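To start, the structure itself, in structure tokens.
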Amino acid sequence: MAERLNGERLAAALETVTFSMRPSLQELPAGMLALGIGDAASQGIALNCKNSGKYRSLSAWLWAMDADERRALQGKARSQAITHIAIEDFSLDSCFAWLLFSSGETQGLDQWVRYIDQWEQGFYLDGDNVSDSAACLHTVFAHARLHAAQTAAHHYDADLLRDGFIRCLKLLTAFINHTLEPLQGIQSLPSADYLAAQAALAYEYQLYQLAIERAVTCQLLVEQADSRRKMLVDALFLNEQNPSGLFKIFARNDRIHSWSKNGFTLLGIYRQQQQGTGNDMVISVDPKSGLSLQSLWQALEAEENRRWAGQRPCNNPRPLHSYAGVPNAPDQPWWDDAGRYTLLGAPKTLANTGEPGSKLSWWNDVLPLIWQQGFVDYLQPCLTRVDEADMPAGGQKQVCAWRWNQPDARLQQTDTTSYLTSTPSFEAWLAGCSQPLMPTTPSALPAADHYEAQWQGDVLIVSHQQGVTLFSRSPDNPALEGLLKVARRIATLSDEYAQFLRQTREIFKKWPQQLRQHTGTIEDKQWEEEIFALRVNALNVLNSTDTLFASAQQNRLSEMLQRQWGLHEQRGSLFAQVDRLDALMRDAIARQNSRRHRIYGSLFSALGMGIAASHVWEPVRDILTTNEYEWQLLLFKYPDTTPQQLAEIAGQSAHFELISLIVFLAFGLLGFILFWFFDIRSQEE
């Protein structure tokens, strides 16, 4: 085999050839060869299986050529020297097709042809160990080489393209020379490119691990091809920014993150940067699963027609299996995978106007439609809402209940619809039923750590901070009504407690504001009446006898909801909070009364000290001044007293009157200061 496919010799033939990445190329001039693209009627050589419409891979197309077709192709190749090769990728199929074309070797490679043809159709046959898969190793290596050839301006360097293609070609020849049966796996090879492929595989898997943590996952029912039977599968939806060569393979073989441990059979990938190419919205199922997305394709096309409102362009329809022979087919329908319905792709941009071929949005239209088709349409006919008529309005905690209206789901062996009730998606959907907005898309389902699910007998209880949903898997379960009453009672308690907290907050706002006002004061009697009413309300809110019920099952539900909504902790802290509120406000009242006492006491102390000082100063003033009685005696004793002497006596008396006033004020101020700062009753502890 090493003699048949000499990688060095094949690579040497490409050293003088230029390369370009031109996926939309049609007309080929002489001297150009195109792999996977181009019109066969061109002067150049177009190796394009799409022109035949029969084969999915270049390798199978070239392999199946009869002698006449092969001679015609070889004659065209001999008539012109190939100086340029246009490619659309470095894929395994492109490289193998070049080997078949350039070497002319067709012996012993039939296993590789079938292997590559199956790979191009989406069939991964190598098993869980992707590190031994020739297709996986070559794909990630080619993806890395293509990324290395890309420039900052999103163009491709011609020399790096040639170098990348040659290295991919050498790696493929090494694999072929290693084994004629690729399904046996590729063991370690003494090759730098093989080690680079393993490193690229590890890098791609890291990208997948990062992506899966942010992806949307759920479980859906999908119909089998040519059958009305339905299979329950894990689905994964991702907003992909950096294209990965093996994302589908990793997802479809993910035994860790998938609920079924069978991998994600249904994939939905959204690539906003590729809008208008047909690859921006892609939904697929594993071809090995035998499932079909035909009903989803029909629903997407019906929604497109509705959105276009009769204005959908249909002048130049794209050939499509589903619209074969249908008049007025749309120009850009959703891709139907040549009638296999394992891969659906969005409509491309309209060629004439440049307008988007689809009116649908991925997150707002396509995902809700997938959810409706694969979950709601199957589940809702089997469920009956049992509490819509008497649902309490206005509460913060929402309570709802569903009953399975079919025979007991545990006895159903022929209808997989009941299998949905065992999935995490069903639990998340139940959690969403008791939220303000019911989820209509898998991206709106609550995360698993946002709710708690627990079976009690035949009743599934899903509780979260916004409410609780009950589901009975038997249609005539008498325990459901009792549990529903318990849930409503605990929800009412929780709402009443929330109302009590609002009341206490209002009181906290009210009284401090009144304290800061100069025109109002807090009255002890008024406060005692309000705090008494608050205590009575607290007793009514959390009376312990209200949460005891007749059966153990009901009490378990009561304990579960009280713990989920924090009523256990609230019960213990309720009256402590009232007491703290009471203590704070009484302290505020005491501060107010103390301030009033200090003001009045200081004023009376000032008056007393002033009066006392006046009484002490009076004898002193009499000694130092002449009083009115002495004046009269002086006038009788000395009749010749002059007016000037009398004026001097009057001035002296007035002077000492001023001194008396100063003494009164000074001692009054001293009394005010002493009482204000040193009165023991007014000091804070």
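Residues are named by chain letter and number: chains run A, B, ... in the order of the structure tokens, numbers start at 1 in each chain, and ligands are numbered from 1 in the order shown.
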If DSSP is run on the backbone, what residues of stretch 39-151 of chain A are strand (DSSP E or B)? A reply as a PyMOL selection string would be ideal. chain A and resi 45-47+84-87+150
Considering only C-alpha atoms, return as JSON, numbers by chain whatever protein or nucleic-acid residues lie within 10 Å of A:Thr349, sequence-local ones (same chain, fewer than 4 positions apart) excluded.
{"A": [275, 276, 277, 278, 331, 332, 353, 354, 355, 356, 357, 358]}
Go ahead and dump the residues you just picked, N, CA, C and O atoms, as a compact mmCIF listing (two decimals), in the first residue's frame.
```
# COMPACT_ATOMS: atom_id res chain seq x y z
N GLN A 275 -25.47 34.29 8.39
CA GLN A 275 -26.84 34.55 7.98
C GLN A 275 -26.94 34.69 6.46
O GLN A 275 -26.14 35.37 5.82
N GLY A 276 -27.92 34.02 5.88
CA GLY A 276 -28.15 34.08 4.45
C GLY A 276 -27.45 32.99 3.66
O GLY A 276 -27.69 32.85 2.45
N THR A 277 -26.59 32.19 4.31
CA THR A 277 -25.87 31.14 3.60
C THR A 277 -26.60 29.81 3.62
O THR A 277 -26.20 28.88 2.93
N GLY A 278 -27.63 29.68 4.43
CA GLY A 278 -28.30 28.41 4.61
C GLY A 278 -27.74 27.61 5.76
O GLY A 278 -28.33 26.60 6.18
N ASP A 331 -38.82 30.14 -3.90
CA ASP A 331 -37.45 30.23 -4.40
C ASP A 331 -36.46 29.67 -3.39
O ASP A 331 -35.51 28.97 -3.76
N GLN A 332 -36.64 30.01 -2.13
CA GLN A 332 -35.72 29.58 -1.08
C GLN A 332 -36.49 28.89 0.04
O GLN A 332 -36.86 29.50 1.04
N THR A 353 -33.17 39.94 -5.00
CA THR A 353 -33.33 41.16 -4.18
C THR A 353 -32.31 41.28 -3.06
O THR A 353 -32.17 42.35 -2.49
N GLY A 354 -31.62 40.19 -2.73
CA GLY A 354 -30.71 40.22 -1.59
C GLY A 354 -31.42 40.20 -0.25
O GLY A 354 -30.80 40.35 0.80
N GLU A 355 -32.72 39.99 -0.29
CA GLU A 355 -33.53 39.93 0.93
C GLU A 355 -33.37 38.56 1.59
O GLU A 355 -33.20 37.55 0.90
N PRO A 356 -33.41 38.49 2.93
CA PRO A 356 -33.33 37.18 3.59
C PRO A 356 -34.45 36.26 3.11
O PRO A 356 -35.60 36.67 2.96
N GLY A 357 -34.09 35.00 2.86
CA GLY A 357 -35.08 34.04 2.39
C GLY A 357 -36.01 33.53 3.46
O GLY A 357 -37.01 32.87 3.17
N SER A 358 -35.69 33.82 4.73
CA SER A 358 -36.53 33.36 5.85
C SER A 358 -37.02 34.54 6.66
O SER A 358 -36.29 35.53 6.87
```
Cut-off 9 Å: closest stretch 288-308 of chain A/stretch 212-223 of chain A atom pairs per residue, using only C-alpha atoms, as a tab-separated table:
```
residue	atom	partner	partner_atom	distance
A:Gly290	CA	A:Glu223	CA	8.9
A:Leu291	CA	A:Glu223	CA	5.9
A:Ser292	CA	A:Glu223	CA	6.0
A:Leu293	CA	A:Val222	CA	7.3
A:Gln294	CA	A:Glu223	CA	8.5
A:Ser295	CA	A:Glu223	CA	8.2
```
Selection to disk with all heavy atoms, as a compact mmCIF listing (two decimals), in the first residue's frame:
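Once everything was written out, this is again-v6.txt:
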```txt
# COMPACT_ATOMS: atom_id res chain seq x y z
N GLY A 290 -32.50 6.60 12.55
CA GLY A 290 -33.70 6.24 11.80
C GLY A 290 -34.84 7.20 12.01
O GLY A 290 -36.01 6.86 11.75
N LEU A 291 -34.55 8.41 12.48
CA LEU A 291 -35.59 9.41 12.75
C LEU A 291 -35.72 10.37 11.57
O LEU A 291 -34.82 10.50 10.74
CB LEU A 291 -35.27 10.18 14.03
CG LEU A 291 -35.12 9.33 15.30
CD1 LEU A 291 -34.75 10.21 16.48
CD2 LEU A 291 -36.41 8.58 15.59
N SER A 292 -36.85 11.04 11.52
CA SER A 292 -37.14 11.96 10.44
C SER A 292 -37.69 13.27 11.00
O SER A 292 -38.51 13.27 11.93
CB SER A 292 -38.15 11.36 9.47
OG SER A 292 -38.60 12.32 8.53
N LEU A 293 -37.25 14.37 10.42
CA LEU A 293 -37.74 15.70 10.81
C LEU A 293 -38.74 16.23 9.79
O LEU A 293 -38.90 17.44 9.64
CB LEU A 293 -36.56 16.67 10.93
CG LEU A 293 -35.52 16.35 12.00
CD1 LEU A 293 -34.35 17.33 11.92
CD2 LEU A 293 -36.13 16.38 13.39
N GLN A 294 -39.44 15.34 9.12
CA GLN A 294 -40.36 15.77 8.07
C GLN A 294 -41.48 16.64 8.62
O GLN A 294 -41.83 17.67 8.03
CB GLN A 294 -40.95 14.56 7.35
CG GLN A 294 -41.87 14.93 6.19
CD GLN A 294 -42.34 13.72 5.40
OE1 GLN A 294 -42.03 12.59 5.76
NE2 GLN A 294 -43.08 13.95 4.33
N SER A 295 -42.06 16.25 9.75
CA SER A 295 -43.15 17.06 10.31
C SER A 295 -42.66 18.44 10.73
O SER A 295 -43.37 19.43 10.59
CB SER A 295 -43.78 16.34 11.51
OG SER A 295 -42.81 16.11 12.52
```
Sorted by chain and rising residue number, which residues of stretch 15-113 of chain A lie within 12 Å of stretch 127-134 of chain A, and what are their closest atom pairs and distances in Å to one decimal, counting only C-alpha atoms, as CSV?
```
residue,atom,partner,partner_atom,distance
A:Ser91,CA,A:Ala134,CA,11.8
A:Leu92,CA,A:Ala134,CA,9.0
A:Asp93,CA,A:Ala134,CA,11.9
A:Trp112,CA,A:Ala134,CA,10.1
```
For A:Asn279, the closest of A:Ile249, A:Ala346, A:Gln209, A:Leu109 counting only C-alpha atoms is A:Ala346
Return as a VMD selection string the full set of residues in stretch 209-272 of chain A whose backbone-based DSSP assignment is alpha helix (DSSP H). chain A and resid 209 to 214 247 to 252
Serialized selection, N, CA and C atoms, as a PDB file, in the first residue's frame:
```pdb
ATOM      1  N   GLN A 209     -16.609  21.188  25.385  1.00  0.00           N
ATOM      2  CA  GLN A 209     -16.893  21.224  26.820  1.00  0.00           C
ATOM      3  C   GLN A 209     -17.325  22.613  27.261  1.00  0.00           C
ATOM      4  N   LEU A 210     -16.704  23.643  26.689  1.00  0.00           N
ATOM      5  CA  LEU A 210     -17.122  25.007  27.016  1.00  0.00           C
ATOM      6  C   LEU A 210     -18.516  25.292  26.474  1.00  0.00           C
ATOM      7  N   ALA A 211     -18.786  24.806  25.268  1.00  0.00           N
ATOM      8  CA  ALA A 211     -20.082  25.093  24.632  1.00  0.00           C
ATOM      9  C   ALA A 211     -21.223  24.382  25.329  1.00  0.00           C
ATOM     10  N   ILE A 212     -21.023  23.139  25.756  1.00  0.00           N
ATOM     11  CA  ILE A 212     -22.120  22.348  26.318  1.00  0.00           C
ATOM     12  C   ILE A 212     -22.619  22.951  27.621  1.00  0.00           C
ATOM     13  N   GLU A 213     -21.754  23.658  28.352  1.00  0.00           N
ATOM     14  CA  GLU A 213     -22.178  24.281  29.601  1.00  0.00           C
ATOM     15  C   GLU A 213     -23.133  25.442  29.370  1.00  0.00           C
ATOM     16  N   ARG A 214     -23.081  26.026  28.187  1.00  0.00           N
ATOM     17  CA  ARG A 214     -23.932  27.188  27.869  1.00  0.00           C
ATOM     18  C   ARG A 214     -25.054  26.846  26.894  1.00  0.00           C
ATOM     19  N   PHE A 247     -18.211  19.078  16.330  1.00  0.00           N
ATOM     20  CA  PHE A 247     -19.219  19.324  17.363  1.00  0.00           C
ATOM     21  C   PHE A 247     -20.324  18.269  17.327  1.00  0.00           C
ATOM     22  N   LYS A 248     -20.799  17.925  16.141  1.00  0.00           N
ATOM     23  CA  LYS A 248     -21.865  16.934  16.030  1.00  0.00           C
ATOM     24  C   LYS A 248     -21.425  15.581  16.576  1.00  0.00           C
ATOM     25  N   ILE A 249     -20.199  15.200  16.261  1.00  0.00           N
ATOM     26  CA  ILE A 249     -19.708  13.896  16.723  1.00  0.00           C
ATOM     27  C   ILE A 249     -19.618  13.864  18.235  1.00  0.00           C
ATOM     28  N   PHE A 250     -19.044  14.919  18.823  1.00  0.00           N
ATOM     29  CA  PHE A 250     -18.934  14.970  20.282  1.00  0.00           C
ATOM     30  C   PHE A 250     -20.319  14.925  20.930  1.00  0.00           C
ATOM     31  N   ALA A 251     -21.256  15.684  20.369  1.00  0.00           N
ATOM     32  CA  ALA A 251     -22.593  15.750  20.963  1.00  0.00           C
ATOM     33  C   ALA A 251     -23.329  14.424  20.846  1.00  0.00           C
ATOM     34  N   ARG A 252     -23.254  13.804  19.683  1.00  0.00           N
ATOM     35  CA  ARG A 252     -23.997  12.563  19.463  1.00  0.00           C
ATOM     36  C   ARG A 252     -23.408  11.381  20.217  1.00  0.00           C
TER      37      ARG A 252
END
```
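Nearest to A:Trp297 of all the residues A:Cys95, A:Leu369, A:Ile256, A:Phe237 is A:Leu369, counting only C-alpha atoms.
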Near stretch 421-429 of chain A, counting only C-alpha atoms, which residues have an atom at most 9 Å away, once you skip same-chain residues fewer than 3 positions from it, shown as a list in words? Thr217, Cys218, Gln219, Leu220, Trp259, Phe375, Leu379, Ala409, Thr417, Ser418, Gly432, Cys433, Met438, Pro439, Pro442, Leu445, Pro446, Ala447, Ala448, Tyr451, Glu452, Ala453, Leu460, Ile461, Val462 and Arg473 of chain A
For A:Lys76, the closest of A:Asn6, A:Leu33, A:Val285, A:Ser434 counting only C-alpha atoms is A:Leu33
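Taking atom CA of A:Ser258 and atom CA of A:Ser227 as the two end points, the separation is 25.2 Å.
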With distances taken over only C-alpha atoms, the candidate from A:Tyr203, A:Pro313, A:Leu669, A:Ala647 nearest A:Gly608 is A:Leu669
Name the residues in contact with A:Ala487 at a cut-off of 9 Å, using only C-alpha atoms, excluding same-chain residues fewer than 6 positions from it; report them as a PDB file with N, CA, C and O atoms, in the first residue's frame.
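Result went into selection.pdb, see below:
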```
ATOM      1  N   VAL A 399     -49.710  28.368  42.493  1.00  0.00           N
ATOM      2  CA  VAL A 399     -49.963  26.944  42.717  1.00  0.00           C
ATOM      3  C   VAL A 399     -50.809  26.433  41.559  1.00  0.00           C
ATOM      4  O   VAL A 399     -51.839  27.028  41.228  1.00  0.00           O
ATOM      5  N   GLY A 467     -43.386  29.372  43.294  1.00  0.00           N
ATOM      6  CA  GLY A 467     -44.596  28.589  43.489  1.00  0.00           C
ATOM      7  C   GLY A 467     -44.331  27.100  43.469  1.00  0.00           C
ATOM      8  O   GLY A 467     -43.207  26.639  43.656  1.00  0.00           O
ATOM      9  N   VAL A 468     -45.389  26.320  43.194  1.00  0.00           N
ATOM     10  CA  VAL A 468     -45.294  24.862  43.193  1.00  0.00           C
ATOM     11  C   VAL A 468     -46.305  24.311  42.186  1.00  0.00           C
ATOM     12  O   VAL A 468     -47.387  24.871  41.994  1.00  0.00           O
ATOM     13  N   THR A 469     -45.900  23.223  41.503  1.00  0.00           N
ATOM     14  CA  THR A 469     -46.774  22.536  40.563  1.00  0.00           C
ATOM     15  C   THR A 469     -46.879  21.075  40.968  1.00  0.00           C
ATOM     16  O   THR A 469     -45.858  20.444  41.292  1.00  0.00           O
ATOM     17  N   LEU A 470     -48.111  20.536  40.950  1.00  0.00           N
ATOM     18  CA  LEU A 470     -48.353  19.133  41.273  1.00  0.00           C
ATOM     19  C   LEU A 470     -48.784  18.402  40.007  1.00  0.00           C
ATOM     20  O   LEU A 470     -49.521  18.948  39.185  1.00  0.00           O
ATOM     21  N   GLN A 554     -49.319  14.712  53.367  1.00  0.00           N
ATOM     22  CA  GLN A 554     -49.593  16.140  53.337  1.00  0.00           C
ATOM     23  C   GLN A 554     -48.607  16.912  54.211  1.00  0.00           C
ATOM     24  O   GLN A 554     -48.154  17.999  53.848  1.00  0.00           O
ATOM     25  N   LEU A 557     -45.366  17.319  52.385  1.00  0.00           N
ATOM     26  CA  LEU A 557     -45.451  18.415  51.430  1.00  0.00           C
ATOM     27  C   LEU A 557     -45.368  19.759  52.143  1.00  0.00           C
ATOM     28  O   LEU A 557     -44.692  20.683  51.686  1.00  0.00           O
ATOM     29  N   SER A 558     -46.067  19.864  53.287  1.00  0.00           N
ATOM     30  CA  SER A 558     -46.034  21.109  54.054  1.00  0.00           C
ATOM     31  C   SER A 558     -44.611  21.446  54.497  1.00  0.00           C
ATOM     32  O   SER A 558     -44.153  22.583  54.350  1.00  0.00           O
ATOM     33  N   LEU A 561     -42.472  22.573  51.414  1.00  0.00           N
ATOM     34  CA  LEU A 561     -42.735  23.922  50.938  1.00  0.00           C
ATOM     35  C   LEU A 561     -42.293  24.968  51.950  1.00  0.00           C
ATOM     36  O   LEU A 561     -41.768  26.030  51.570  1.00  0.00           O
TER      37      LEU A 561
END
```
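Shell of A:Ser494 at 10 Å, with only C-alpha atoms counted and residues fewer than 2 places along the chain excluded, is Gly395, Gln396, Lys397, Arg488, Arg489, Ile490, Ala491, Thr492, Glu496, Tyr497, Ala498, Gln499, Phe500, Val541, Leu542, Leu561, Gln562, Trp565, Gly566, Leu567 and Gln570 of chain A.
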